[in-house]
Structure formats: structure tokens, C-alpha cells
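J.: So I've got this file, final-v8.cif, and it contains mmCIF, C-alpha atoms:
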```
data_structure
loop_
_atom_site.label_atom_id
_atom_site.label_comp_id
_atom_site.auth_asym_id
_atom_site.auth_seq_id
_atom_site.Cartn_x
_atom_site.Cartn_y
_atom_site.Cartn_z
CA MET A 1 9.83 -24.65 -10.17
CA ILE A 2 9.68 -21.45 -8.12
CA VAL A 3 9.16 -18.34 -10.27
CA VAL A 4 8.46 -14.67 -9.61
CA ARG A 5 5.91 -13.24 -12.04
CA CYS A 6 3.70 -10.21 -12.56
CA VAL A 7 0.59 -10.28 -10.39
CA GLN A 8 -2.72 -11.22 -12.02
CA PRO A 9 -6.37 -10.43 -11.10
CA GLY A 10 -6.92 -14.05 -10.12
CA ASP A 11 -4.26 -13.80 -7.39
CA VAL A 12 -6.34 -11.65 -5.00
CA ASP A 13 -7.60 -14.51 -2.81
CA ALA A 14 -4.09 -15.92 -2.46
CA LEU A 15 -2.72 -12.47 -1.63
CA VAL A 16 -5.25 -11.99 1.17
CA ALA A 17 -4.32 -15.36 2.66
CA LEU A 18 -0.60 -14.59 2.40
CA ALA A 19 -1.00 -11.13 3.97
CA LEU A 20 -2.53 -12.77 7.05
CA GLU A 21 0.90 -14.30 7.72
CA THR A 22 2.61 -10.90 8.13
CA GLY A 23 3.20 -9.11 11.42
CA PRO A 24 3.05 -5.41 12.38
CA GLY A 25 5.11 -2.86 10.52
CA LEU A 26 4.79 -4.13 6.93
CA THR A 27 2.84 -1.05 5.87
CA THR A 28 2.51 -1.83 2.17
CA PHE A 29 1.07 -5.36 2.37
CA LYS A 30 -1.98 -5.68 4.59
CA PRO A 31 -4.74 -8.37 4.56
CA ASP A 32 -7.33 -6.01 3.08
CA ARG A 33 -9.13 -7.47 0.06
CA ALA A 34 -10.30 -4.16 -1.40
CA ALA A 35 -6.87 -2.58 -1.04
CA LEU A 36 -5.10 -5.60 -2.54
CA ALA A 37 -7.54 -5.78 -5.45
CA ALA A 38 -6.96 -2.07 -6.09
CA ARG A 39 -3.22 -2.61 -6.04
CA VAL A 40 -3.47 -5.48 -8.53
CA GLU A 41 -5.53 -3.26 -10.82
CA ARG A 42 -3.02 -0.42 -10.41
CA ALA A 43 -0.20 -2.77 -11.40
CA ARG A 44 -2.19 -3.83 -14.49
CA ARG A 45 -2.71 -0.21 -15.53
CA THR A 46 0.98 0.53 -14.97
CA LEU A 47 2.04 -2.30 -17.28
CA ALA A 48 -0.51 -1.14 -19.85
CA GLY A 49 0.82 2.43 -19.73
CA GLU A 50 -2.50 3.73 -18.38
CA ALA A 51 -1.36 4.82 -14.89
CA GLU A 52 -0.44 8.40 -14.04
CA PRO A 53 3.19 8.91 -12.90
CA PHE A 54 2.17 9.51 -9.27
CA GLU A 55 0.32 6.18 -9.05
CA ALA A 56 2.50 3.91 -11.19
CA GLY A 57 3.75 0.78 -9.44
CA TYR A 58 4.57 -2.85 -10.14
CA PHE A 59 3.59 -5.86 -8.06
CA PHE A 60 4.96 -9.40 -8.29
CA VAL A 61 4.11 -12.77 -6.75
CA MET A 62 6.29 -15.79 -6.15
CA GLU A 63 4.56 -18.95 -7.35
CA ASP A 64 5.35 -22.62 -6.91
CA THR A 65 4.46 -23.78 -10.42
CA ALA A 66 4.09 -27.37 -9.24
CA THR A 67 1.23 -26.50 -6.88
CA GLY A 68 0.12 -23.00 -7.90
CA ASP A 69 0.79 -21.83 -4.34
CA VAL A 70 1.56 -18.11 -3.94
CA ALA A 71 4.51 -18.06 -1.56
CA GLY A 72 5.61 -14.43 -1.52
CA VAL A 73 5.23 -10.93 -2.90
CA CYS A 74 7.37 -7.93 -3.75
CA GLY A 75 6.77 -4.58 -5.39
CA ILE A 76 8.25 -1.45 -6.93
CA GLU A 77 6.72 2.02 -6.65
CA THR A 78 7.91 4.02 -9.64
CA GLU A 79 8.13 7.54 -8.15
CA VAL A 80 7.18 8.15 -4.53
CA GLY A 81 5.90 11.41 -3.10
CA LEU A 82 4.44 12.91 -6.29
CA GLU A 83 0.83 13.02 -5.05
CA GLN A 84 1.15 12.64 -1.28
CA PRO A 85 4.33 13.60 0.59
CA PHE A 86 6.81 10.79 1.24
CA TYR A 87 7.85 11.50 4.82
CA ASN A 88 11.02 10.30 6.53
CA TYR A 89 13.17 11.48 9.37
CA ARG A 90 16.66 12.59 8.39
CA VAL A 91 19.18 11.92 11.15
CA SER A 92 21.53 14.91 11.42
CA THR A 93 24.08 16.23 13.90
CA VAL A 94 24.13 19.46 15.87
CA VAL A 95 27.00 20.75 18.05
CA HIS A 96 26.53 22.89 21.18
CA ALA A 97 29.68 24.47 22.59
CA SER A 98 30.65 27.01 25.24
CA LYS A 99 34.27 28.12 25.39
CA ASP A 100 33.78 29.83 28.76
CA MET A 101 32.35 26.70 30.37
CA GLY A 102 34.59 24.29 28.53
CA VAL A 103 31.56 22.34 27.29
CA TRP A 104 31.30 20.72 23.87
CA THR A 105 28.45 18.36 22.98
CA ARG A 106 27.38 16.66 19.78
CA MET A 107 23.77 15.48 19.52
CA SER A 108 21.65 13.73 16.93
CA LEU A 109 18.47 15.32 15.60
CA LEU A 110 15.52 13.90 13.68
CA ASN A 111 14.22 16.32 11.03
CA ILE A 112 11.13 15.72 8.90
CA SER A 113 12.38 15.22 5.36
CA HIS A 114 11.07 14.98 1.79
CA ASP A 115 14.53 14.18 0.43
CA LEU A 116 13.44 10.94 -1.25
CA THR A 117 10.62 12.46 -3.32
CA GLY A 118 10.75 11.14 -6.88
CA TYR A 119 12.78 8.04 -5.99
CA SER A 120 11.66 4.58 -7.00
CA GLU A 121 10.96 2.39 -4.00
CA VAL A 122 11.31 -1.37 -3.70
CA CYS A 123 8.72 -2.45 -1.17
CA SER A 124 6.21 -5.05 0.06
CA LEU A 125 8.77 -7.85 0.31
CA PHE A 126 7.27 -10.79 2.15
CA LEU A 127 8.04 -14.51 1.92
CA SER A 128 5.90 -17.09 3.66
CA PRO A 129 7.76 -18.94 6.45
CA ARG A 130 6.77 -22.13 4.61
CA TYR A 131 9.18 -21.25 1.81
CA ARG A 132 12.08 -19.73 3.73
CA THR A 133 14.79 -22.02 2.45
CA ALA A 134 18.18 -21.27 0.93
CA GLY A 135 18.04 -19.09 -2.17
CA VAL A 136 14.29 -18.49 -2.26
CA GLY A 137 14.37 -15.13 -0.48
CA GLY A 138 17.20 -13.98 -2.71
CA LEU A 139 15.21 -14.83 -5.82
CA LEU A 140 12.18 -12.91 -4.54
CA SER A 141 14.17 -9.80 -3.62
CA ARG A 142 16.47 -9.70 -6.64
CA SER A 143 13.74 -10.39 -9.19
CA ARG A 144 12.75 -6.73 -8.84
CA PHE A 145 16.23 -5.64 -9.88
CA MET A 146 16.10 -7.98 -12.88
CA PHE A 147 12.88 -6.19 -13.89
CA ILE A 148 14.48 -2.76 -13.39
CA ALA A 149 17.55 -3.80 -15.39
CA GLN A 150 15.39 -5.00 -18.26
CA PHE A 151 13.11 -1.96 -18.31
CA ARG A 152 15.54 0.71 -17.16
CA GLU A 153 13.74 3.47 -19.07
CA ARG A 154 10.68 3.11 -16.83
CA PHE A 155 12.51 4.20 -13.67
CA PRO A 156 14.20 7.37 -12.35
CA GLN A 157 17.86 7.61 -11.40
CA ARG A 158 17.58 6.82 -7.70
CA LEU A 159 16.05 4.02 -5.66
CA CYS A 160 15.20 3.49 -1.99
CA ALA A 161 13.87 0.78 0.32
CA GLU A 162 12.14 1.38 3.68
CA LEU A 163 12.84 -1.50 6.04
CA ARG A 164 10.75 -2.54 9.01
CA GLY A 165 12.12 -1.20 12.28
CA HIS A 166 12.75 -2.87 15.62
CA PHE A 167 9.85 -4.24 17.70
CA ASP A 168 10.32 -5.53 21.24
CA GLU A 169 9.32 -8.91 22.66
CA ASN A 170 5.78 -7.60 23.22
CA GLY A 171 5.39 -6.69 19.57
CA GLU A 172 5.61 -2.95 20.25
CA SER A 173 7.82 -0.28 18.69
CA PRO A 174 9.83 1.57 21.39
CA PHE A 175 10.35 4.46 18.98
CA TRP A 176 6.63 4.81 18.27
CA ASN A 177 5.85 4.71 21.97
CA ALA A 178 8.43 7.45 22.66
CA VAL A 179 7.58 9.77 19.75
CA GLY A 180 4.64 9.07 17.45
CA SER A 181 2.13 8.02 20.09
CA HIS A 182 2.40 11.42 21.81
CA PHE A 183 1.68 13.41 18.65
CA TYR A 184 -0.86 11.23 16.85
CA GLN A 185 -2.77 9.90 19.88
CA ILE A 186 -3.49 6.55 18.20
CA ASP A 187 -1.71 3.21 18.40
CA PHE A 188 0.91 2.05 15.93
CA ASN A 189 -1.34 -0.38 14.04
CA GLU A 190 -4.00 2.26 13.42
CA ALA A 191 -1.44 4.78 12.18
CA ASP A 192 0.13 2.06 10.04
CA TYR A 193 -3.27 1.14 8.59
CA LEU A 194 -4.16 4.74 7.72
CA SER A 195 -0.79 5.33 6.09
CA SER A 196 -0.94 2.12 4.06
CA HIS A 197 -4.34 3.17 2.68
CA GLY A 198 -3.10 6.56 1.53
CA LYS A 199 -4.79 8.48 4.35
CA LYS A 200 -1.74 10.54 5.28
CA SER A 201 -3.24 13.96 5.97
CA PHE A 202 -3.04 13.29 9.72
CA LEU A 203 0.75 13.11 9.41
CA ALA A 204 1.08 16.66 8.13
CA GLU A 205 -1.51 17.89 10.62
CA LEU A 206 -0.09 16.26 13.75
CA MET A 207 3.61 15.47 13.21
CA PRO A 208 6.28 17.32 15.23
CA ARG A 209 6.91 20.83 13.89
CA TYR A 210 10.49 20.99 15.17
CA PRO A 211 13.48 18.62 15.20
CA VAL A 212 13.43 15.81 17.75
CA TYR A 213 16.56 15.52 19.93
CA LEU A 214 17.41 11.84 20.20
CA ASP A 215 19.16 12.39 23.54
CA LEU A 216 15.82 13.41 25.08
CA LEU A 217 14.20 10.08 24.20
CA PRO A 218 14.30 6.95 26.39
CA GLU A 219 17.37 4.80 25.83
CA SER A 220 15.17 2.01 24.43
CA ALA A 221 13.93 4.35 21.68
CA GLN A 222 17.37 5.80 20.91
CA GLN A 223 18.78 2.33 20.32
CA THR A 224 16.17 1.49 17.67
CA VAL A 225 16.95 4.34 15.25
CA GLY A 226 18.19 2.79 12.01
CA VAL A 227 17.84 -0.75 13.42
CA THR A 228 16.16 -3.43 11.29
CA HIS A 229 13.44 -5.79 12.52
CA ARG A 230 14.91 -9.24 13.17
CA ASP A 231 12.69 -10.80 10.48
CA THR A 232 13.85 -8.19 7.96
CA ALA A 233 17.59 -8.57 8.60
CA PRO A 234 18.08 -11.08 5.74
CA ALA A 235 16.32 -8.68 3.35
CA ARG A 236 18.63 -5.87 4.43
CA LYS A 237 21.67 -8.04 3.81
CA MET A 238 20.48 -8.83 0.29
CA LEU A 239 19.73 -5.18 -0.49
CA GLU A 240 23.17 -4.13 0.73
CA ALA A 241 24.75 -6.82 -1.45
CA GLU A 242 22.86 -5.26 -4.35
CA GLY A 243 24.41 -1.86 -3.57
CA LEU A 244 21.88 -0.02 -1.39
CA ARG A 245 23.18 1.79 1.69
CA TYR A 246 21.81 3.47 4.82
CA GLU A 247 22.22 7.22 4.33
CA ASN A 248 20.69 8.51 7.60
CA HIS A 249 17.01 8.43 6.66
CA VAL A 250 14.59 6.45 8.86
CA ASP A 251 10.88 5.68 8.91
CA ILE A 252 8.74 8.19 10.85
CA PHE A 253 6.76 5.47 12.66
CA ASP A 254 9.27 2.83 13.82
CA ALA A 255 12.64 4.45 12.86
CA GLY A 256 13.52 1.54 10.58
CA PRO A 257 16.37 2.33 8.16
CA VAL A 258 15.86 3.57 4.62
CA LEU A 259 18.45 2.20 2.18
CA GLU A 260 19.17 4.03 -1.08
CA CYS A 261 21.40 4.14 -4.15
CA HIS A 262 21.66 5.20 -7.78
CA VAL A 263 19.89 2.70 -10.04
CA ALA A 264 22.95 2.59 -12.30
CA ASP A 265 24.98 1.31 -9.33
CA LEU A 266 22.78 -1.72 -8.69
CA ARG A 267 24.77 -4.90 -9.08
CA THR A 268 22.06 -6.46 -11.24
CA VAL A 269 21.95 -3.46 -13.57
CA ARG A 270 25.75 -3.51 -13.91
CA GLU A 271 26.35 -7.25 -14.21
CA SER A 272 23.32 -8.90 -15.79
CA VAL A 273 23.59 -9.73 -19.50
CA LEU A 274 21.30 -10.76 -22.33
CA ALA A 275 21.61 -14.24 -23.82
CA THR A 276 19.86 -16.44 -26.36
CA VAL A 277 17.83 -19.39 -25.12
CA ARG A 278 19.03 -22.87 -26.04
CA ILE A 279 16.69 -25.66 -24.92
CA GLY A 280 18.14 -29.06 -24.14
CA GLU A 281 19.22 -31.46 -21.41
CA ARG A 282 22.09 -30.77 -19.04
CA ASP A 283 25.08 -33.06 -18.75
CA ALA A 284 28.26 -33.15 -16.70
CA THR A 285 30.00 -30.67 -19.00
CA GLN A 286 27.57 -27.84 -18.23
CA SER A 287 28.41 -25.14 -15.67
CA ASP A 288 27.10 -25.67 -12.14
CA ALA A 289 26.91 -21.91 -11.55
CA LYS A 290 23.77 -20.45 -10.00
CA SER A 291 22.01 -17.77 -12.03
CA LEU A 292 18.89 -15.67 -11.97
CA VAL A 293 17.19 -15.85 -15.35
CA SER A 294 14.24 -13.76 -16.54
CA ASN A 295 12.37 -13.38 -19.77
CA THR A 296 12.18 -9.97 -21.43
CA SER A 297 8.37 -9.67 -21.52
CA LEU A 298 6.90 -6.59 -19.84
CA ASP A 299 3.38 -7.80 -19.09
CA ASP A 300 4.32 -11.46 -18.52
CA PHE A 301 7.66 -10.97 -16.77
CA ARG A 302 8.97 -14.13 -15.10
CA CYS A 303 12.18 -14.78 -13.20
CA GLY A 304 13.64 -17.96 -11.72
CA ALA A 305 16.82 -19.36 -10.17
CA ILE A 306 18.48 -21.83 -12.54
CA THR A 307 21.72 -23.79 -12.66
CA GLY A 308 24.01 -22.66 -15.47
CA ALA A 309 25.88 -19.70 -16.94
CA VAL A 310 26.06 -17.87 -20.24
CA GLU A 311 28.30 -19.69 -22.73
CA ASP A 312 29.03 -18.23 -26.16
CA GLY A 313 26.11 -15.87 -25.82
CA THR A 314 23.58 -18.61 -25.05
CA PHE A 315 21.96 -19.98 -21.92
CA LEU A 316 20.80 -23.59 -21.63
CA LEU A 317 17.30 -24.23 -20.26
CA THR A 318 15.50 -27.51 -19.90
CA ALA A 319 12.07 -27.78 -21.52
CA ASP A 320 10.39 -27.45 -18.10
CA GLU A 321 12.41 -24.35 -17.20
CA ALA A 322 11.66 -22.73 -20.54
CA ALA A 323 7.95 -23.41 -20.05
CA ALA A 324 8.02 -21.90 -16.55
CA LEU A 325 9.71 -18.75 -17.90
CA ARG A 326 7.42 -18.66 -20.97
CA VAL A 327 10.29 -18.65 -23.47
CA LYS A 328 11.18 -20.80 -26.46
CA ASN A 329 14.32 -21.73 -28.36
CA GLY A 330 16.03 -18.61 -29.75
CA ASP A 331 14.29 -16.14 -27.42
CA THR A 332 16.28 -13.63 -25.38
CA VAL A 333 16.66 -13.88 -21.59
CA ARG A 334 18.43 -11.75 -19.00
CA VAL A 335 20.96 -13.59 -16.82
CA LEU A 336 22.70 -12.67 -13.58
CA THR A 337 25.23 -15.26 -12.50
CA SER A 338 26.32 -15.59 -8.88
CA PRO A 339 29.74 -13.96 -8.36
CA ARG A 340 30.87 -17.03 -6.43
CA ALA A 341 30.60 -19.01 -9.61
CA LYS A 342 32.76 -16.71 -11.71
#
```
For this file, produce the structure as C-alpha cells.
T.:
Amino acid sequence: MIVVRCVQPGDVDALVALALETGPGLTTFKPDRAALAARVERARRTLAGEAEPFEAGYFFVMEDTATGDVAGVCGIETEVGLEQPFYNYRVSTVVHASKDMGVWTRMSLLNISHDLTGYSEVCSLFLSPRYRTAGVGGLLSRSRFMFIAQFRERFPQRLCAELRGHFDENGESPFWNAVGSHFYQIDFNEADYLSSHGKKSFLAELMPRYPVYLDLLPESAQQTVGVTHRDTAPARKMLEAEGLRYENHVDIFDAGPVLECHVADLRTVRESVLATVRIGERDATQSDAKSLVSNTSLDDFRCGAITGAVEDGTFLLTADEAAALRVKNGDTVRVLTSPRAK
């Protein structure tokens, strides 16, 4: 069975191997053993209530319980921007008009923004190509929202997600080449590396002091603003189905879109329900609905995709499914049933 669970110290080797499968632009999941080990430890301290608010964050792995293979990762940062600024560009509009000349123009500007400070951020979503089959990516992405729904009190009112921006056929970011490279005088990967390791002082020191007029950039750069990397398009679709929307904030490096919403508006928060576990064998009378099911344990959270629906306040699990979720008969689980099955 495929489950998403809280990361454990013994996962570091598997995380390093998995991170080697990523490409450029996934800032928060790099193949750096020390950084990954530190993140695992930070997640442990967050679960234990030992982390300061500015450093609190959760990290999850997707595991194939049949083989022990770590197939994917995802994370949640509790409140961004509390220690180091959380920079984005805000896309705004300015109008220039001259009545005497009969000229009226509307242009887009990029302004450095801290608007998302204090938001939770869902991040670090990566699924190995080996496991990219129907439903698996949805489980990985939505498991974070099952966790948020179960432990709502641990999160602020608003949530965001930075998505990887467009890269051309040569693996380069047209937006970075047109903007960032001129100010920072380093290549994208180096800037990405420094940012992912918390070394962000160079941003404040070197970033543009004034708004950037999009119309002054090359056409190739203009067309990438708010555009998602082709490999990240399925993730964007899932996030939008959950209720997140593009509200004119983009990443300062590659101009990838930032999606955001109120946590209370998340589909999983609104529609998931609690049910009592009933262990048994399925037969033809059981529902063939598809559901996400998670336990309610904080430090041993587990979530899986299971056939069935809540009936009379209970949810049927087989013995193997119950073992994978670490629950027993009579325990409570959280269930989100696919709307297509309703």
C-alpha cells in the first residue's frame, strides 16, 4: 500500500537519493545531506512542540509499504517570513495617459512584496517519475490538507503555494536571464541554492529597488510571468481543485505563480469528516467510492487512498489497510471522499 507519513530520522539516505531526481527550480528540496538531515530534525522538533514559530515546519514522505521505497515528499511551513523576509513580486497595473496627445497606456509592474508574511506554505512537493500513475500524485499533494484539517489549530488563517516557473528547452529561466541575472550577477542554480539554505541577505542587498516594468523585458520573459513549469502543471491543477488561486504574486527568481487561499476555504477542511474504524473484508455491497483516509495521530500521521465511503459513521478498512494506517478497530479516522462518488 502507498501511504504518506511523517518523516523519520532513518529516511535521510532515501531523501538524498530522491532529491537527485529533481530538476532546477525546486528550491525547497535539494540533494544536500546536511540540509535534509536538518530539515528532518526541524520537523521532529515541530511535532514535539519544541520549534520556535519562525522555524516550525512539517515534512512528509510517501512510502511503498510493500518495499519500503520512498517515492515522494511534501511539506508545510507553518508561518513564512517571520525570521527572514518572504519575498515575492506582486504584479500590479499602472496607467499612463495624456489627454493632449490622445495617448492612454496600461502597463504591468513587478513590485517587491512581503504580502504573504505569516502565511502557511505548502511546499517541497516531488513525486518520483517511477510512481507517477493515476491517483498517486493526488494522494501526495492532498495528504497535507488532511493533516491541516486534522490539526487546524496549528496553522494560521491563510495558506500559499509557490510553484516552479517556466524553463525553456535548454533548462534556463527566461525571466531569470532578463531580470535576476543582471542584479545578482550569479546563475540561477547558485541563487536557488543560497536561497534554499536560508542565505537570503544577498536578496535584500542586490534586488531591484524600484518596480520592474514588464513591457521593458524581452517577450520571452514577459510570457513566463505566472506560468507554471510543465512538470508542475498537474500539481497546480490539484491545488486549484483544493481551492487555491493565483492572486498576482510570483516568485522573484523564475516568476512562477504563487497560489493562495483562506485555510477555512480548503475543500479538505470543509468536506472531510471523522469516522470510526471498522475492520473487515469488503464484499459487493460496499461502496466503490475513492477516499483519502488518515489517522488522527500527530507524531505518526499516516494517510492513504482507499476504496470506500463513510456509512453510518463508520469506515471499513481491511486488516492490511488498518495496519498501514496504524489504526485498530474503534479508532477514529478522517475521511475525504471523492466528489465524483457522491
J.: Got a sec: who's within 6 Å of Thr332 (chain A), counting only C-alpha atoms, leaving out chain neighbours fewer than 5 positions off, as a list in words?
T.: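 In the requested form, the answer reads Ala275, Thr276 and Val277 of chain A.
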J.: In Å, how far is it from CA of Ile2 (chain A) to CA of Val40 (chain A)?
T.: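 Taking CA of Ile2 (chain A) as the start and CA of Val40 (chain A) as the end point, the length is 20.7 Å.
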J.: I'd like the residues picked by the PyMOL selection byres ((chain A and resi 274) around 9) written out as a PyMOL selection string, using the chain letters and numbers from the file.
T.: chain A and resi 272-273+275-276+310+313-314+332-335
J.: Excluding Val258 (chain A) and its own-chain neighbours fewer than 5 positions away, which residues fall within 8 Å of it when counting all atoms listed in the file? Please give them as a CSV table (one decimal) with C-alpha atoms, in the coordinates of the input.
T.:
```
chain,number,residue,atom,x,y,z
A,160,CYS,CA,15.2,3.5,-2.0
A,161,ALA,CA,13.9,0.8,0.3
A,162,GLU,CA,12.1,1.4,3.7
A,163,LEU,CA,12.8,-1.5,6.0
A,226,GLY,CA,18.2,2.8,12.0
A,246,TYR,CA,21.8,3.5,4.8
A,247,GLU,CA,22.2,7.2,4.3
A,248,ASN,CA,20.7,8.5,7.6
A,249,HIS,CA,17.0,8.4,6.7
A,250,VAL,CA,14.6,6.4,8.9
A,251,ASP,CA,10.9,5.7,8.9
```
J.: Residues of region 200-256 of chain A that approach region 263-268 of chain A to 12 Å or less, counting all atoms listed in the file: could you list each one with the shortest pair of atoms and its distance in Å to one decimal, rows by chain and increasing residue number, as JSON lines?
T.:
```
{"residue": "A:Met238", "atom": "CA", "partner": "A:Arg267", "partner_atom": "CA", "distance": 11.0}
{"residue": "A:Leu239", "atom": "CA", "partner": "A:Leu266", "partner_atom": "CA", "distance": 9.4}
{"residue": "A:Glu240", "atom": "CA", "partner": "A:Leu266", "partner_atom": "CA", "distance": 9.7}
{"residue": "A:Ala241", "atom": "CA", "partner": "A:Arg267", "partner_atom": "CA", "distance": 7.9}
{"residue": "A:Glu242", "atom": "CA", "partner": "A:Arg267", "partner_atom": "CA", "distance": 5.1}
{"residue": "A:Gly243", "atom": "CA", "partner": "A:Leu266", "partner_atom": "CA", "distance": 5.4}
{"residue": "A:Leu244", "atom": "CA", "partner": "A:Leu266", "partner_atom": "CA", "distance": 7.5}
{"residue": "A:Arg245", "atom": "CA", "partner": "A:Leu266", "partner_atom": "CA", "distance": 11.0}
```
J.: Could the residues of region 73-137 of chain A that have an atom at most 12 Å from region 290-304 of chain A be listed as a Markdown table, each with its closest atom pair and the distance in Å to one decimal, counting only C-alpha atoms and ordered by chain and ascending residue number?
T.:
```
| residue | atom | partner | partner_atom | distance |
| --- | --- | --- | --- | --- |
| A:Gly135 | CA | A:Lys290 | CA | 9.8 |
| A:Val136 | CA | A:Gly304 | CA | 9.5 |
| A:Gly137 | CA | A:Gly304 | CA | 11.6 |
```
J.: Interatomic distance between CA of Tyr193 (chain A) and CA of Thr78 (chain A)?
T.: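 Atom-to-atom, CA of Tyr193 (chain A) to CA of Thr78 (chain A), that is 21.6 Å.
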J.: Quick one: which residues end up in the PyMOL selection byres ((chain A and resi 114) around 12) for this structure, as number ranges by chain?
T.: A: 80-82, 84-90, 111-113, 115-119, 204, 249-252
J.: With all atoms listed in the file as the basis for distance, which of A:Gly75, A:Pro174, A:Pro156, A:Pro234 is at the shortest distance from Gly138 (chain A)?
T.: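 Using all atoms listed in the file, Gly138 (chain A) sits closest to A:Pro234.
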J.: Rounded to one decimal in Å, what is the spacing between CA of Glu205 (chain A) and CA of His182 (chain A)?
T.: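 CA of Glu205 (chain A) sits 13.5 Å away from CA of His182 (chain A).
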J.: Need the shell around Arg39 (chain A): protein/DNA/RNA residues with any atom at most 10 Å away, counting all atoms listed in the file. Skip same-chain ones fewer than 5 positions apart. Format as a list in words?
T.: Val7, Pro9, Val12, Phe29, Arg33, Ala34, Arg44, Arg45, Glu55, Gly57, Tyr58 and Phe59 of chain A
J.: Write out as a ChimeraX atom specification each polymer residue whose atoms come within 10 Å of Gln185 (chain A), counting only C-alpha atoms; drop sequence neighbours fewer than 5 positions from it.
T.: /A:180,191,206
J.: Given the point (9.1, -14.5, -6.4) in the coordinates of this file, which residues lie within 7 Å, counting all atoms listed in the file, and how would they look as an MDAnalysis selection string?
T.: chainID A and resid 3:5 60:63 72:73 139:140 143
J.: Write the residues of the preceding selection, restricted to C-alpha atoms, as a compact mmCIF listing (two decimals), keeping the file's coordinate frame.
T.:
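out03.txt written:
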```
# COMPACT_ATOMS: atom_id res chain seq x y z
CA VAL A 3 9.16 -18.34 -10.27
CA VAL A 4 8.46 -14.67 -9.61
CA ARG A 5 5.91 -13.24 -12.04
CA PHE A 60 4.96 -9.40 -8.29
CA VAL A 61 4.11 -12.77 -6.75
CA MET A 62 6.29 -15.79 -6.15
CA GLU A 63 4.56 -18.95 -7.35
CA GLY A 72 5.61 -14.43 -1.52
CA VAL A 73 5.23 -10.93 -2.90
CA LEU A 139 15.21 -14.83 -5.82
CA LEU A 140 12.18 -12.91 -4.54
CA SER A 143 13.74 -10.39 -9.19
```
J.: Could you tell me which of A:Phe253, A:Asp231, A:Pro339, A:Val225 comes closest to Pro129 (chain A) if we count all atoms listed in the file?
T.: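 Going through A:Phe253, A:Asp231, A:Pro339, A:Val225 one by one, the smallest distance to Pro129 (chain A) is for A:Asp231.
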J.: So, with all atoms listed in the file as the atoms that count, which of A:Val269, A:Arg326, A:Leu317, A:Thr93 lies closest to Gln286 (chain A)?
T.: A:Leu317
J.: Kindly indicate which residue among A:Asn329, A:Thr22, A:Thr28, A:Gln157 lies nearest to Cys261 (chain A), using only C-alpha atoms for the distances.
T.: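 That would be A:Gln157, the residue with the smallest distance to Cys261 (chain A).
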J.: Could you check which of A:Arg144, A:Leu214, A:Thr65, A:Asp13 is closest to Ala323 (chain A), using all atoms listed in the file?
T.: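 That would be A:Thr65, the residue with the smallest distance to Ala323 (chain A).
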J.: Could you check which of A:Ser108, A:Ser196, A:Thr307, A:Thr337 is closest to Pro31 (chain A), using all atoms listed in the file?
T.: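 Looking only at the distances to Pro31 (chain A), the closest residue turns out to be A:Ser196.
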J.: Mind telling me what the PyMOL selection byres ((chain A and resi 320) around 12) catches here, as a list in words?
T.: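 On the file shown, the PyMOL selection byres ((chain A and resi 320) around 12) covers Met1, Ile2, Thr65, Ala66, Ile279, Gly280, Glu281, Gly304, Ile306, Leu316, Leu317, Thr318, Ala319, Glu321, Ala322, Ala323, Ala324, Leu325, Arg326, Val327 and Lys328 of chain A.
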J.: At a cut-off of 8 Å, using only C-alpha atoms, what residues contact Thr228 (chain A)? Leave out same-chain residues fewer than 3 positions from it and give the result as a list of chain:residue names.
T.: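 That gives A:Leu163, A:Arg164, A:Gly165, A:His166, A:Thr232, A:Ala233, A:Arg236, A:Gly256, A:Pro257.
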